[in-house]
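The structure appears below as structure tokens.
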Amino acid sequence: MKEPRRRTLQDVADAAGLSKAATSYALRGLRGSSETQARVARVAAELGYTVDPVARALAGGRSSNVVIVGTLRDLWQQDLAVMLSRALGGLSLNASIADVDASPSREEAVLAGLNSRQVEAVVALPVDPSAAYWADVPDEIRVVSIGDALTHRPESPVVLFDNTTGVGTGLRHLADLGHRSVGVLAPAMPATPGRPAEMLATSLGAELGLDVTVTATPAAVEEAAEATEQLLRSPARPTALLCLSDSIAFGAYAAARRVGLEVPRELSVLGYDDSAMAPLVEPQLSTFAWDEAAIVAAAVDALHTPADELDDASRRRIFRPGFVSRASTAAPGR
């Protein structure tokens, strides 16, 4: 015997004579008059439609717990985690931040402990998005990732960054200034298709006539300074650095001072993320900016939208960085 077709939100919307969005809000008690909410609930019951339990729990607010997973020694991730926490708190959700310190083992341990904490959802800036441990997160916990898609949880909504454009624009900017030897300092985390520095920087640089050296660097400022200092003391040191986080760029500033190089006269430094400190250092850091408010809104929206309402556009949002020209890059030897 053929199984009856599962009723969808669109079926309820058609029967209630409302838009899909209005029907969703009414079912979750977020918008619409009490009469409209009651009518939509009655139509849904008659059709046998049930609201996504995770979305219902998150819409309920106070009893719902959300964990933000990220690396707080990276200043931009730290700021974004705070913005996410405030946005979730504004929806009466209990938000906590778990610092995994760029460690896959710590990330795995945090995820393994979710059940005991009665968590309904996770917003993650993943360290290793290709790790199998993401598949072990129970299905009843909603997961939204920022920056990278989760290989073993492909149905999870994701907010992606157009890093290919960012890296290409950064290298082109340095090439246009006349640089031919560029060091790309990338966060020391597992390489994935969403992190193009290691895979694309060399080939993109070759197209622009650049000699590019990619170095894995810790995200913490002091550790980044130590790694960059070694690079700058090498006989064939680059004349410019493209740092794929502002935290690494600040470490590069410190390293330049230690080896006696003046930024940008003797070493150009280009950051990535436009953290709050970027315009406060001397010289002001040229970098790439993201629309953090829109990124947070996209993640939060994906978090509490019922699974059957997530279309391709809302399940996979992509943001492009904007170049912010300040004072830390110049022609070589200027």
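For the structure tokens, the naming scheme is as follows: chains receive sequential letters (A, B, ...) according to their order of presentation, residues are indexed from 1 within each chain, and ligands are indexed from 1 in presentation order.
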
Checklist line | Secondary structure check, strand (DSSP E) residues of segment 201-290 of chain A, as a list in words | finding: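 Put together, the selection reads Asp211, Val212, Thr213, Val214, Thr215, Ala216, Thr217, Ala240, Leu241, Leu242, Cys243, Ser268, Val269, Leu270, Thr287, Phe288 and Ala289 of chain A.
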
Please dump the current selection as a JSON list (two decimals), in the first residue's frame; keep C-alpha atoms.
```json
[["chain", "number", "residue", "atom", "x", "y", "z"],
["A", 211, "ASP", "CA", 56.23, 34.17, -5.73],
["A", 212, "VAL", "CA", 53.86, 33.11, -2.93],
["A", 213, "THR", "CA", 54.86, 31.23, 0.20],
["A", 214, "VAL", "CA", 52.01, 29.89, 2.38],
["A", 215, "THR", "CA", 52.76, 29.47, 6.10],
["A", 216, "ALA", "CA", 50.42, 27.95, 8.70],
["A", 217, "THR", "CA", 50.28, 30.32, 11.66],
["A", 240, "ALA", "CA", 54.48, 41.79, 1.72],
["A", 241, "LEU", "CA", 52.29, 39.63, 3.93],
["A", 242, "LEU", "CA", 48.67, 38.66, 3.33],
["A", 243, "CYS", "CA", 47.42, 37.58, 6.76],
["A", 268, "SER", "CA", 53.43, 45.69, 3.58],
["A", 269, "VAL", "CA", 50.89, 43.93, 5.79],
["A", 270, "LEU", "CA", 47.35, 43.13, 4.68],
["A", 287, "THR", "CA", 42.09, 44.54, 5.56],
["A", 288, "PHE", "CA", 38.85, 42.94, 4.40],
["A", 289, "ALA", "CA", 35.51, 43.62, 6.05]]
```

Notebook entry, point to check: Counting only C-alpha atoms, what is within 12 Å of Arg106 of chain A, bar same-chain residues fewer than 4 positions away, as a ChimeraX atom specification?
Noted result: /A:69-71,98-102,110-113,126-128,133

Any idea what's packed within 12 Å of Val324 of chain A, counting only C-alpha atoms, ignoring anything in its chain fewer than 5 positions away? Could you give it as a CSV table (one decimal) with C-alpha atoms, in the first residue's frame?
```csv
chain,number,residue,atom,x,y,z
A,166,GLY,CA,39.1,37.8,-0.8
A,169,THR,CA,41.7,40.6,-4.3
A,170,GLY,CA,44.4,40.7,-1.7
A,173,HIS,CA,46.3,44.5,-4.6
A,270,LEU,CA,47.4,43.1,4.7
A,271,GLY,CA,44.8,41.7,7.1
A,272,TYR,CA,41.5,39.9,6.9
A,273,ASP,CA,38.3,40.4,8.9
A,274,ASP,CA,38.5,44.1,9.8
A,275,SER,CA,38.4,43.6,13.6
A,278,ALA,CA,42.3,47.3,12.7
A,279,PRO,CA,41.9,51.1,12.5
A,284,GLN,CA,46.1,51.6,10.4
A,285,LEU,CA,45.6,48.1,9.0
A,286,SER,CA,44.4,47.5,5.4
A,287,THR,CA,42.1,44.5,5.6
A,288,PHE,CA,38.8,42.9,4.4
A,289,ALA,CA,35.5,43.6,6.0
A,290,TRP,CA,32.5,41.4,6.4
A,329,THR,CA,50.4,48.5,2.3
```

Checklist line | Selected residue of minimal separation from Phe161 of chain A among A:Leu125, A:Leu18, A:Val182, A:Leu200, counting only C-alpha atoms | finding: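 Comparing A:Leu125, A:Leu18, A:Val182, A:Leu200 against Phe161 of chain A, the winner is A:Leu125.
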
Margin query: Ranking A:Asn94, A:Thr164, A:Thr23, A:Ser34 by minimum distance to Val119 of chain A and counting only C-alpha atoms, which one comes first?
Written below: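 The answer is A:Asn94, which sits nearest to Val119 of chain A.
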
Next item on the list: Enumerate as a ChimeraX atom specification all residues of segment 27-195 of chain A assigned to alpha helix (DSSP H) by DSSP on the backbone, naming them with the chain letters and numbers the document uses.
Entry: /A:27,34-47,53-60,75-90,104-112,163-177

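Closest approach to Arg28 of chain A from the set A:Pro306, A:Arg315, A:Arg142, A:Asp136 is made by A:Pro306, with distances taken over only C-alpha atoms.
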
Notebook entry, point to check: Using only C-alpha atoms, which of the listed residues (A:Arg86, A:Gly178, A:Val12, A:Asn65) sits closest to Val51 of chain A?
Noted result: A:Val12

Next item on the list: Find the spatial neighbours of segment 254-264 of chain A, counting only C-alpha atoms, within a cut-off of 10 Å - ignore same-chain residues fewer than 6 positions away - and output them as a ChimeraX atom specification.
Entry: /A:221-222,224-233,239-240,248,270,282-285,327-334

Item checked: Point-to-point distance from atom CA of Arg237 of chain A to atom CA of Tyr253 of chain A, Å rounded to tenths ->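 A separation of 14.9 Å between them.
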
Next item on the list: Quote the spacing between atom CA of Leu91 of chain A and atom CA of Gln78 of chain A in Å to one decimal place.
Entry: 20.5 Å

Checklist line | Interatomic distance, atom CA of Leu208 of chain A to atom CA of Arg180 of chain A (Å, one decimal) | finding: 8.8 Å

Selection: 12 Å around Ser314 of chain A, only C-alpha atoms, excl. self and same-chain fewer than 3 positions, as a PDB file with C-alpha atoms, in the first residue's frame:
```
ATOM      1  CA  VAL A 144      24.307  25.922  11.910  1.00  0.00           C
ATOM      2  CA  GLU A 155      21.880  18.972   5.579  1.00  0.00           C
ATOM      3  CA  SER A 156      22.923  21.562   8.169  1.00  0.00           C
ATOM      4  CA  PRO A 157      22.473  25.221   7.181  1.00  0.00           C
ATOM      5  CA  VAL A 158      25.729  27.069   6.539  1.00  0.00           C
ATOM      6  CA  VAL A 159      26.858  30.674   6.226  1.00  0.00           C
ATOM      7  CA  LEU A 160      29.798  30.699   3.814  1.00  0.00           C
ATOM      8  CA  ALA A 297      21.110  37.493  11.161  1.00  0.00           C
ATOM      9  CA  ALA A 298      21.513  34.739   8.548  1.00  0.00           C
ATOM     10  CA  ALA A 299      22.791  32.260  11.134  1.00  0.00           C
ATOM     11  CA  VAL A 300      20.054  33.036  13.652  1.00  0.00           C
ATOM     12  CA  ASP A 301      17.371  32.884  10.961  1.00  0.00           C
ATOM     13  CA  ALA A 302      18.594  29.456   9.816  1.00  0.00           C
ATOM     14  CA  LEU A 303      18.671  28.340  13.432  1.00  0.00           C
ATOM     15  CA  HIS A 304      14.980  28.772  14.180  1.00  0.00           C
ATOM     16  CA  THR A 305      13.526  28.219  10.712  1.00  0.00           C
ATOM     17  CA  PRO A 306      11.780  24.813  10.481  1.00  0.00           C
ATOM     18  CA  ALA A 307      13.788  22.308   8.476  1.00  0.00           C
ATOM     19  CA  ASP A 308      11.118  21.888   5.791  1.00  0.00           C
ATOM     20  CA  GLU A 309      11.119  25.647   5.162  1.00  0.00           C
ATOM     21  CA  LEU A 310      14.829  25.862   4.431  1.00  0.00           C
ATOM     22  CA  ASP A 311      15.281  26.165   0.684  1.00  0.00           C
ATOM     23  CA  ARG A 317      24.131  31.846   2.416  1.00  0.00           C
ATOM     24  CA  ILE A 318      27.347  33.263   0.913  1.00  0.00           C
TER      25      ILE A 318
END
```

Margin query: Can you pull out the residues contacting Arg42 of chain A? Cut-off 12 Å, using only C-alpha atoms, and skip same-chain residues under 3 positions away; I want them as a list of chain:residue names.
Written below: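 Everything that qualifies: A:Val12, A:Ala13, A:Ala15, A:Ala16, A:Thr23, A:Ala26, A:Leu27, A:Glu35, A:Thr36, A:Gln37, A:Ala38, A:Arg39, A:Ala45, A:Glu46, A:Leu47, A:Gly48, A:Tyr49, A:Thr50.
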